[in-house]
Structures are given as structure tokens and as C-alpha cells.
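Shown here: upload-v1.txt, compact mmCIF, C-alpha atoms and all ligand atoms.
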# COMPACT_ATOMS: atom_id res chain seq x y z
CA MET A 7 0.00 0.00 0.00
CA ARG A 8 1.23 3.48 -0.89
CA SER A 9 0.84 6.18 1.76
CA SER A 10 -1.73 8.86 0.94
CA TYR A 11 0.51 11.95 0.96
CA ILE A 12 3.75 10.52 -0.39
CA ASP A 13 4.00 13.02 -3.25
CA LEU A 14 3.48 15.97 -0.90
CA TYR A 15 6.13 14.77 1.55
CA ASN A 16 8.79 13.61 -0.91
CA HIS A 17 11.62 15.95 0.17
CA ASP A 18 13.34 16.27 -3.24
CA GLU A 19 12.83 20.03 -3.28
CA ASP A 20 14.09 20.52 0.30
CA ALA A 21 17.18 18.36 -0.09
CA ALA A 22 19.73 21.09 -0.89
CA THR A 23 18.98 23.11 2.28
CA TYR A 24 17.78 20.31 4.59
CA ASP A 25 20.96 19.82 6.61
CA GLN A 26 21.20 23.55 7.40
CA ASP A 27 17.50 23.84 8.12
CA VAL A 28 17.39 21.09 10.77
CA LEU A 29 19.99 22.94 12.85
CA ARG A 30 17.66 25.93 13.43
CA SER A 31 16.87 24.81 16.98
CA GLU A 32 14.98 28.06 17.69
CA ASP A 33 12.24 26.72 15.37
CA PRO A 34 9.77 24.63 17.48
CA ILE A 35 9.65 22.03 14.68
CA ARG A 36 13.46 21.65 14.80
CA GLU A 37 13.99 22.01 18.56
CA GLY A 38 15.35 18.70 19.86
CA TYR A 39 16.38 17.35 16.43
CA THR A 40 20.00 16.62 17.37
CA GLU A 41 19.06 15.13 20.76
CA VAL A 42 16.43 12.89 19.18
CA LEU A 43 18.83 11.51 16.57
CA ASP A 44 21.52 10.92 19.23
CA TRP A 45 18.99 9.13 21.46
CA VAL A 46 17.80 6.85 18.65
CA ALA A 47 21.35 5.96 17.65
CA GLN A 48 22.44 5.30 21.25
CA ASN A 49 19.39 3.22 22.21
CA ALA A 50 18.96 1.15 19.05
CA GLY A 51 21.09 -1.66 20.49
CA ILE A 52 22.84 -2.17 17.16
CA THR A 53 25.72 -4.67 17.12
CA GLN A 54 28.04 -6.02 14.41
CA ASP A 55 25.48 -8.82 13.85
CA SER A 56 22.36 -6.68 13.52
CA ALA A 57 20.22 -6.44 10.41
CA VAL A 58 18.85 -2.89 10.47
CA VAL A 59 16.21 -1.01 8.46
CA GLU A 60 15.97 2.78 8.48
CA LEU A 61 12.63 4.15 7.32
CA GLY A 62 12.84 7.59 5.70
CA SER A 63 16.60 7.89 5.86
CA GLY A 64 16.71 11.34 4.20
CA THR A 65 20.19 12.84 3.93
CA GLY A 66 21.64 10.21 6.27
CA ASN A 67 21.93 12.29 9.44
CA LEU A 68 20.72 9.41 11.63
CA THR A 69 22.45 6.80 9.47
CA ALA A 70 25.80 8.49 10.04
CA ARG A 71 25.37 8.20 13.83
CA LEU A 72 24.72 4.43 13.87
CA SER A 73 27.12 1.79 15.16
CA PRO A 74 28.56 -0.62 12.56
CA CYS A 75 26.21 -3.52 11.74
CA ARG A 76 25.83 -6.51 9.43
CA SER A 77 23.40 -4.81 7.05
CA LEU A 78 21.54 -1.54 6.90
CA VAL A 79 18.75 -0.86 4.40
CA CYS A 80 17.90 2.82 3.97
CA VAL A 81 14.41 3.40 2.58
CA ASP A 82 13.32 6.83 1.30
CA VAL A 83 11.12 8.04 -1.55
CA SER A 84 13.36 11.01 -2.34
CA ALA A 85 16.12 10.52 -4.90
CA GLU A 86 17.66 13.88 -3.99
CA MET A 87 17.78 13.25 -0.22
CA THR A 88 19.26 9.80 -0.91
CA ARG A 89 21.87 11.25 -3.26
CA ILE A 90 23.17 13.42 -0.37
CA ALA A 91 23.06 10.44 2.04
CA LYS A 92 25.11 8.31 -0.36
CA GLN A 93 27.70 11.06 -0.61
CA LYS A 94 27.85 11.42 3.19
CA LEU A 95 28.09 7.65 3.78
CA ARG A 96 30.31 6.71 0.85
CA GLY A 97 32.54 3.74 1.54
CA ALA A 98 30.05 2.04 3.90
CA SER A 99 29.57 -1.20 1.97
CA HIS A 100 27.02 -2.65 4.44
CA ILE A 101 24.48 0.05 3.50
CA SER A 102 21.99 -0.42 0.66
CA TYR A 103 19.37 2.06 -0.53
CA VAL A 104 15.77 1.46 -1.59
CA GLN A 105 13.83 4.31 -3.20
CA ALA A 106 10.30 3.53 -2.06
CA ASP A 107 7.35 4.51 0.08
CA ILE A 108 7.93 3.14 3.59
CA LEU A 109 4.58 1.31 3.50
CA GLU A 110 5.11 -0.08 0.00
CA TYR A 111 8.53 -1.33 1.07
CA PHE A 112 6.77 -4.03 3.09
CA ASP A 113 4.63 -5.13 0.12
CA ALA A 114 7.83 -6.55 -1.40
CA ASP A 115 8.13 -8.94 1.59
CA PRO A 116 11.59 -7.84 2.78
CA PRO A 117 13.70 -10.14 4.97
CA PRO A 118 13.20 -9.87 8.76
CA PHE A 119 15.40 -7.51 10.75
CA ASP A 120 16.66 -6.98 14.31
CA VAL A 121 16.25 -3.22 14.49
CA ALA A 122 14.05 -0.63 12.77
CA ILE A 123 14.71 3.07 13.22
CA SER A 124 13.06 6.19 11.88
CA THR A 125 13.29 9.91 12.61
CA TYR A 126 10.91 12.69 11.53
CA VAL A 127 9.12 10.61 8.89
CA VAL A 128 6.12 8.83 10.37
CA HIS A 129 4.33 12.14 11.08
CA HIS A 130 3.73 12.17 7.32
CA LEU A 131 1.46 9.11 7.70
CA THR A 132 -2.17 9.25 8.85
CA GLN A 133 -3.05 7.45 12.10
CA GLN A 134 -4.47 4.52 10.10
CA GLU A 135 -1.24 4.32 8.08
CA LYS A 136 0.86 4.49 11.24
CA GLU A 137 -1.03 1.49 12.60
CA LEU A 138 -0.50 -0.38 9.33
CA LEU A 139 3.22 0.36 9.61
CA PHE A 140 3.28 -0.91 13.21
CA ASP A 141 1.54 -4.12 12.05
CA GLN A 142 4.19 -4.59 9.37
CA LEU A 143 7.01 -3.99 11.83
CA VAL A 144 5.65 -6.54 14.28
CA GLN A 145 5.55 -9.15 11.51
CA ARG A 146 9.15 -8.47 10.39
CA LEU A 147 11.01 -7.72 13.64
CA LEU A 148 12.91 -10.74 14.91
CA PRO A 149 12.33 -11.98 18.51
CA GLY A 150 14.10 -9.60 20.91
CA GLY A 151 14.18 -6.94 18.20
CA ARG A 152 13.43 -3.28 18.72
CA ALA A 153 12.10 -0.28 16.86
CA LEU A 154 12.94 3.31 17.74
CA PHE A 155 11.11 6.34 16.46
CA GLY A 156 11.99 9.98 16.95
CA ASP A 157 9.40 12.36 15.60
CA LEU A 158 6.99 15.26 15.99
CA MET A 159 4.43 14.16 18.55
CA LEU A 160 1.77 15.47 20.91
CA GLU A 161 0.49 13.80 24.05
CA SER A 162 -3.06 13.62 22.76
CA ALA A 163 -5.67 15.24 20.51
CA GLN A 164 -6.41 17.54 23.42
CA GLU A 165 -2.80 18.75 23.62
CA GLU A 166 -2.86 19.26 19.84
CA ARG A 167 -5.71 21.77 20.19
CA VAL A 168 -3.98 23.53 23.09
CA LEU A 169 -0.70 23.88 21.19
CA ILE A 170 -2.30 25.06 17.93
CA ASP A 171 -4.05 27.80 19.94
CA HIS A 172 -0.79 28.60 21.73
CA TYR A 173 1.25 29.01 18.53
CA ARG A 174 -1.51 31.12 16.91
CA SER A 175 -1.67 33.31 20.03
CA ILE A 176 2.05 34.13 19.78
CA GLY A 177 1.82 34.76 16.00
CA ASP A 178 3.61 31.55 14.99
CA ASP A 179 1.17 30.47 12.26
CA THR A 180 3.86 28.37 10.53
CA THR A 181 4.06 25.97 13.48
CA ALA A 182 0.29 26.01 14.05
CA ASP A 183 -0.31 25.25 10.35
CA ALA A 184 2.23 22.40 10.40
CA ILE A 185 0.48 20.79 13.37
CA GLU A 186 -2.91 21.20 11.67
CA GLU A 187 -1.84 19.98 8.23
CA GLU A 188 0.53 17.12 9.05
CA PHE A 189 -0.08 14.07 11.20
CA PHE A 190 1.98 14.64 14.33
CA TRP A 191 1.68 11.51 16.46
CA HIS A 192 -0.81 11.40 19.30
CA VAL A 193 1.35 9.54 21.80
CA ASP A 194 -1.62 8.18 23.76
CA ALA A 195 -3.22 6.63 20.65
CA SER A 196 -0.03 5.17 19.15
CA VAL A 197 1.31 3.82 22.44
CA GLY A 198 -2.09 2.26 23.16
CA TYR A 199 -2.09 0.60 19.74
CA LEU A 200 1.48 -0.68 20.11
CA ARG A 201 0.76 -2.12 23.56
CA SER A 202 -2.34 -3.84 22.15
CA LEU A 203 0.08 -5.68 19.81
CA GLY A 204 1.89 -7.11 22.85
CA LEU A 205 4.90 -4.79 22.62
CA ALA A 206 6.80 -3.13 25.46
CA VAL A 207 6.81 0.63 24.81
CA GLU A 208 8.78 3.51 26.40
CA THR A 209 8.45 7.20 25.60
CA ILE A 210 10.70 10.19 26.16
CA ARG A 211 10.05 13.87 25.42
CA PHE A 212 12.89 16.07 24.15
CA SER A 213 11.06 19.34 23.47
CA THR A 214 7.50 20.61 23.10
CA LEU A 215 7.08 18.76 19.80
CA SER A 216 9.90 16.19 19.59
CA TRP A 217 9.57 12.81 21.27
CA GLY A 218 11.13 9.38 21.12
CA ILE A 219 9.34 6.02 21.26
CA LYS A 220 11.16 2.76 21.89
CA ILE A 221 9.45 -0.55 21.13
CA GLN A 222 10.74 -3.91 22.27
CA VAL A 223 9.58 -7.23 20.82
CA PRO A 224 9.49 -10.13 23.33
CA ARG A 225 12.09 -12.88 22.89
C1 LIG B 1 11.86 15.32 7.58
S1 LIG B 1 12.81 14.22 6.59
C2 LIG B 1 13.66 13.24 7.80
C3 LIG B 1 14.93 12.63 7.26
C4 LIG B 1 15.82 11.95 8.30
N1 LIG B 1 15.22 10.76 8.82
C5 LIG B 1 16.20 12.89 9.41
O1 LIG B 1 15.84 12.64 10.58
O2 LIG B 1 16.84 13.90 9.11
C6 LIG B 1 11.57 13.11 5.97
C7 LIG B 1 12.12 12.14 4.95
O3 LIG B 1 11.16 11.09 4.72
C8 LIG B 1 10.90 10.95 3.34
N2 LIG B 1 9.51 10.51 3.25
C9 LIG B 1 8.40 11.18 3.62
N3 LIG B 1 7.32 10.40 3.51
C10 LIG B 1 7.77 9.19 3.06
C11 LIG B 1 7.15 7.95 2.78
N4 LIG B 1 5.84 7.78 2.91
N5 LIG B 1 7.91 6.92 2.33
C12 LIG B 1 9.27 7.08 2.17
N6 LIG B 1 9.91 8.23 2.44
C13 LIG B 1 9.17 9.26 2.90
C14 LIG B 1 11.23 12.30 2.72
O4 LIG B 1 11.60 12.18 1.37
C15 LIG B 1 12.39 12.76 3.60
O5 LIG B 1 13.63 12.29 3.12
Render the structure in this file as C-alpha cells.
Ligand SMILES: C[S@@+](CC[C@H](N)C(=O)[O-])C[C@H]1O[C@@H](n2cnc3c(N)ncnc32)[C@H](O)[C@@H]1O
Amino acid sequence: MRSSYIDLYNHDEDAATYDQDVLRSEDPIREGYTEVLDWVAQNAGITQDSAVVELGSGTGNLTARLSPCRSLVCVDVSAEMTRIAKQKLRGASHISYVQADILEYFDADPPPFDVAISTYVVHHLTQQEKELLFDQLVQRLLPGGRALFGDLMLESAQEERVLIDHYRSIGDDTTADAIEEEFFWHVDASVGYLRSLGLAVETIRFSTLSWGIKIQVPR
């Protein structure tokens, strides 16, 4: 299945300025970016033997932080973002690249993996698509495996309304519009869904909008 807004969120046109843009930590959307990527990399539990999949690998900023592993598949729809990642990660022969929608990737029945990681991508999927992605991950993660997400999230639909009003009240319509138009996670709904799949789930908040979620599959 192809995600509904894939063409809108293909980052080809943002690729040239992306790496500078993410460092603007005064922007509420970017605040916590570096900390989130560091947390995902440090908590992914990647070893020399791990088979790893990165969903929405972009320009390779998370990829570059990861420990060495047996194999790493980087999935992203954007040819331009991937071109920059390949340049940044040149020489890393354990990395392969798949230009695809992160939902469609699973239609091709990829091999199982030990670790899945993803930063600032899944907020481009609707809640229904997020749940479909979680279903796919549960089927492909090996026993004892883990998935780590860092992304734009809100505690709940209620907090979403409070924060949209807050950003409008201080004249920050860009952030309010982003929250309204994109699909920032509702942590309560996604964590509830993941726990209903029998997974152990931990959350951590890095800034008003940036959170991490760690999922552990039983052995
Ligand atoms: C905000 S960037 C994040 C990139 C990187 N993970 C990071 O943390 O810097 C989102 C990336 O996801 C890709 N993307 C968005 N929706 C996608 C989808 N449904 N399937 C595959 N890639 C997608 C975009 O092309 C872009 O490279």
C-alpha cells in the first residue's frame, strides 16, 4: 500500500537546504532534532550482527550516527535526499538504498530484521497508516528486536488543540499550520495501539514537539 501523501512529503525540493535547516533549533519544529537523533542511535542496540532497516533515511543524518552492523537498508522516496546520504556515507559497503514509500517497502516482503529506526518521517502518515506500519514492523522484527522512532508528537488530541491555539496566540502560524496539516503523532493513541500488539513501549520527550518512542519485541 502506498501512503496517501507521499507526493506531498517527498523531500526532493528541500534536499539542498535540509541539513542547514534542521539545525535551526529556535524553530519549534526543529527544537530537539539533534538530541532525538543521538537518542535513537544510542538506544537502538545495534551490534556487528544486527540487520537494520531505516525508514525515511533522508540525507543520512541518523544513518551516520549508527554503530557498525551486518546490514543496513535505507528506505526513502526522495532521490535527492538519498543522493546526499550516499555522498555522506560513501565507503560504507554494508548500506543499501531502496527508493520507495515506507509502507510499500513491506509489500515486497523484505527479509526480517533486528532493528528498525526512523526519525521525523512517520508524522507524514495518517493514524491509520501508522497502525498499518506498526503491524508490518511486528511481523518483520525478529524476537528480541526493537524499533525506535523519533518524531513530531503530541500527548493527545487535546494537547494538539492547546498547542495550535498557543502558537496562533504568539503569532507563529507556521508551526500552528504544520500541526494542523501534518499528522503529528498522538502519543496516547499510538502507544495504546502498540501495547495492544503485545509490545513493550517507552516514551521520552525532548522538546515541546519532539519525542522518542522505543518498542521492544518479546524474545
Ligand atoms: C523530515 S525528513 C527526515 C529525514 C531523516 N530521517 C532525518 O531525521 O533527518 C523526511 C524524509 O522522509 C521521506 N519521506 C516522507 N514520507 C515518506 C514515505 N511515505 N515513504 C518514504 N519516504 C518518505 C522524505 O523524502 C524525507 O527524506
Draw an axis-aligned box over all listed atoms of segment 209-223 of chain A, pad each side with 6 Å, and write its centre and edge lengths in Å, one decimal, as lines of an AutoDock Vina configuration file.
center_x = 10.0
center_y = 6.7
center_z = 22.9
size_x = 17.8
size_y = 39.8
size_z = 18.6
Ligand LIG 1 (chain B): which residues are within 9 Å, counting only C-alpha atoms and all ligand atoms? Reply as a compact mmCIF listing (two decimals) with C-alpha atoms, keeping the file's coordinate frame.
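Dumped everything to out_15.txt:
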# COMPACT_ATOMS: atom_id res chain seq x y z
CA ARG A 8 1.23 3.48 -0.89
CA SER A 9 0.84 6.18 1.76
CA SER A 10 -1.73 8.86 0.94
CA TYR A 11 0.51 11.95 0.96
CA ILE A 12 3.75 10.52 -0.39
CA ASP A 13 4.00 13.02 -3.25
CA LEU A 14 3.48 15.97 -0.90
CA TYR A 15 6.13 14.77 1.55
CA ASN A 16 8.79 13.61 -0.91
CA HIS A 17 11.62 15.95 0.17
CA ASP A 18 13.34 16.27 -3.24
CA ASP A 20 14.09 20.52 0.30
CA ALA A 21 17.18 18.36 -0.09
CA TYR A 24 17.78 20.31 4.59
CA ASP A 25 20.96 19.82 6.61
CA VAL A 28 17.39 21.09 10.77
CA TYR A 39 16.38 17.35 16.43
CA THR A 40 20.00 16.62 17.37
CA VAL A 42 16.43 12.89 19.18
CA LEU A 43 18.83 11.51 16.57
CA GLU A 60 15.97 2.78 8.48
CA LEU A 61 12.63 4.15 7.32
CA GLY A 62 12.84 7.59 5.70
CA SER A 63 16.60 7.89 5.86
CA GLY A 64 16.71 11.34 4.20
CA THR A 65 20.19 12.84 3.93
CA GLY A 66 21.64 10.21 6.27
CA ASN A 67 21.93 12.29 9.44
CA LEU A 68 20.72 9.41 11.63
CA THR A 69 22.45 6.80 9.47
CA VAL A 81 14.41 3.40 2.58
CA ASP A 82 13.32 6.83 1.30
CA VAL A 83 11.12 8.04 -1.55
CA SER A 84 13.36 11.01 -2.34
CA ALA A 85 16.12 10.52 -4.90
CA GLU A 86 17.66 13.88 -3.99
CA MET A 87 17.78 13.25 -0.22
CA THR A 88 19.26 9.80 -0.91
CA GLN A 105 13.83 4.31 -3.20
CA ALA A 106 10.30 3.53 -2.06
CA ASP A 107 7.35 4.51 0.08
CA ILE A 108 7.93 3.14 3.59
CA LEU A 109 4.58 1.31 3.50
CA GLU A 110 5.11 -0.08 0.00
CA TYR A 111 8.53 -1.33 1.07
CA ILE A 123 14.71 3.07 13.22
CA SER A 124 13.06 6.19 11.88
CA THR A 125 13.29 9.91 12.61
CA TYR A 126 10.91 12.69 11.53
CA VAL A 127 9.12 10.61 8.89
CA VAL A 128 6.12 8.83 10.37
CA HIS A 129 4.33 12.14 11.08
CA HIS A 130 3.73 12.17 7.32
CA LEU A 131 1.46 9.11 7.70
CA GLY A 156 11.99 9.98 16.95
CA ASP A 157 9.40 12.36 15.60
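In this model, the gap between atom CA of Ile210 of chain A and atom CA of Ser77 of chain A comes to 27.4 Å.
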Point-to-point distance in Å for atom CA of Val144 of chain A and atom CA of Gln164 of chain A: 28.4 Å
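The gap separating atom CA of Arg71 of chain A from atom CA of Glu41 of chain A is 11.7 Å, in Å to one decimal.
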At a cut-off of 10 Å, using only C-alpha atoms, what residues contact Thr214 of chain A? Leave out same-chain residues fewer than 3 positions from it and give the result as a short mmCIF file (atom, residue, chain, number, x, y, z; two decimals) with C-alpha atoms, in the frame of the given file.
data_model
loop_
_atom_site.label_atom_id
_atom_site.label_comp_id
_atom_site.auth_asym_id
_atom_site.auth_seq_id
_atom_site.Cartn_x
_atom_site.Cartn_y
_atom_site.Cartn_z
CA PRO A 34 9.77 24.63 17.48
CA ILE A 35 9.65 22.03 14.68
CA GLU A 37 13.99 22.01 18.56
CA GLY A 38 15.35 18.70 19.86
CA LEU A 158 6.99 15.26 15.99
CA MET A 159 4.43 14.16 18.55
CA LEU A 160 1.77 15.47 20.91
CA GLU A 161 0.49 13.80 24.05
CA LEU A 169 -0.70 23.88 21.19
CA ARG A 211 10.05 13.87 25.42
CA TRP A 217 9.57 12.81 21.27
#
Residues near Pro118 of chain A, anyone? I mean within 9 Å using only C-alpha atoms, not counting same-chain ones fewer than 5 positions away, as number ranges by chain. A: 57, 145-148
Please list as a PyMOL selection string every residue within 10 Å of Ser162 of chain A, counting all atoms listed in the file and excluding residues in the same chain fewer than 4 positions away. chain A and resi 166-168+190-196
Protein and nucleic acid residues near (28.1, -11.3, 15.7) (cut-off 12 Å, all atoms listed in the file) as a PDB file with C-alpha atoms, keeping the file's coordinate frame:
ATOM      1  CA  ILE A  52      22.840  -2.170  17.160  1.00  0.00           C
ATOM      2  CA  THR A  53      25.720  -4.670  17.120  1.00  0.00           C
ATOM      3  CA  GLN A  54      28.040  -6.020  14.410  1.00  0.00           C
ATOM      4  CA  ASP A  55      25.480  -8.820  13.850  1.00  0.00           C
ATOM      5  CA  SER A  56      22.360  -6.680  13.520  1.00  0.00           C
ATOM      6  CA  ALA A  57      20.220  -6.440  10.410  1.00  0.00           C
ATOM      7  CA  PRO A  74      28.560  -0.620  12.560  1.00  0.00           C
ATOM      8  CA  CYS A  75      26.210  -3.520  11.740  1.00  0.00           C
ATOM      9  CA  ARG A  76      25.830  -6.510   9.430  1.00  0.00           C
ATOM     10  CA  SER A  77      23.400  -4.810   7.050  1.00  0.00           C
TER      11      SER A  77
END
Using all atoms listed in the file, which of A:Asp141, A:Glu19, A:Asp120, A:Glu32 sits nearest Leu205 of chain A? A:Asp141
Find the residue from A:Val46, A:Val104, A:Gln93, A:Gly150 that sits nearest to Cys80 of chain A; use all atoms listed in the file when measuring. A:Val104
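Residue nearest Arg89 of chain A within the list A:Asp171, A:Ala22, A:Arg30, A:Ile221: A:Ala22 [criterion: smallest interatomic distance, only C-alpha atoms].
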How would segment 47-66 of chain A read, as a tab-separated table (two decimals), in the frame of the given file, once N, CA and C atoms are built in?
chain	number	residue	atom	x	y	z
A	47	ALA	N	20.11	6.69	17.98
A	47	ALA	CA	21.35	5.96	17.65
A	47	ALA	C	21.90	5.23	18.88
A	48	GLN	N	21.83	5.90	20.04
A	48	GLN	CA	22.44	5.30	21.25
A	48	GLN	C	21.58	4.21	21.88
A	49	ASN	N	20.29	4.19	21.58
A	49	ASN	CA	19.39	3.22	22.21
A	49	ASN	C	18.91	2.12	21.26
A	50	ALA	N	19.43	2.12	20.04
A	50	ALA	CA	18.96	1.15	19.05
A	50	ALA	C	19.51	-0.25	19.32
A	51	GLY	N	20.54	-0.35	20.14
A	51	GLY	CA	21.09	-1.66	20.49
A	51	GLY	C	21.72	-2.36	19.29
A	52	ILE	N	22.26	-1.60	18.37
A	52	ILE	CA	22.84	-2.17	17.16
A	52	ILE	C	24.22	-2.78	17.45
A	53	THR	N	24.41	-4.02	16.99
A	53	THR	CA	25.72	-4.67	17.12
A	53	THR	C	26.23	-5.04	15.72
A	54	GLN	N	27.43	-5.61	15.70
A	54	GLN	CA	28.04	-6.02	14.41
A	54	GLN	C	27.17	-7.03	13.68
A	55	ASP	N	26.31	-7.76	14.45
A	55	ASP	CA	25.48	-8.82	13.85
A	55	ASP	C	24.09	-8.35	13.43
A	56	SER	N	23.75	-7.12	13.73
A	56	SER	CA	22.36	-6.68	13.52
A	56	SER	C	22.03	-6.44	12.04
A	57	ALA	N	20.81	-6.86	11.69
A	57	ALA	CA	20.22	-6.44	10.41
A	57	ALA	C	19.29	-5.27	10.74
A	58	VAL	N	19.52	-4.14	10.10
A	58	VAL	CA	18.85	-2.89	10.47
A	58	VAL	C	18.12	-2.32	9.26
A	59	VAL	N	16.95	-1.74	9.49
A	59	VAL	CA	16.21	-1.01	8.46
A	59	VAL	C	15.97	0.40	8.96
A	60	GLU	N	16.29	1.39	8.13
A	60	GLU	CA	15.97	2.78	8.48
A	60	GLU	C	14.87	3.28	7.54
A	61	LEU	N	13.78	3.72	8.12
A	61	LEU	CA	12.63	4.15	7.32
A	61	LEU	C	12.65	5.67	7.18
A	62	GLY	N	12.77	6.15	5.95
A	62	GLY	CA	12.84	7.59	5.70
A	62	GLY	C	14.20	8.13	6.08
A	63	SER	N	15.22	7.62	5.45
A	63	SER	CA	16.60	7.89	5.86
A	63	SER	C	17.09	9.28	5.45
A	64	GLY	N	16.39	9.95	4.55
A	64	GLY	CA	16.71	11.34	4.20
A	64	GLY	C	18.15	11.51	3.76
A	65	THR	N	18.80	12.54	4.32
A	65	THR	CA	20.19	12.84	3.93
A	65	THR	C	21.20	12.06	4.76
A	66	GLY	N	20.71	11.09	5.55
A	66	GLY	CA	21.64	10.21	6.27
A	66	GLY	C	22.14	10.74	7.59
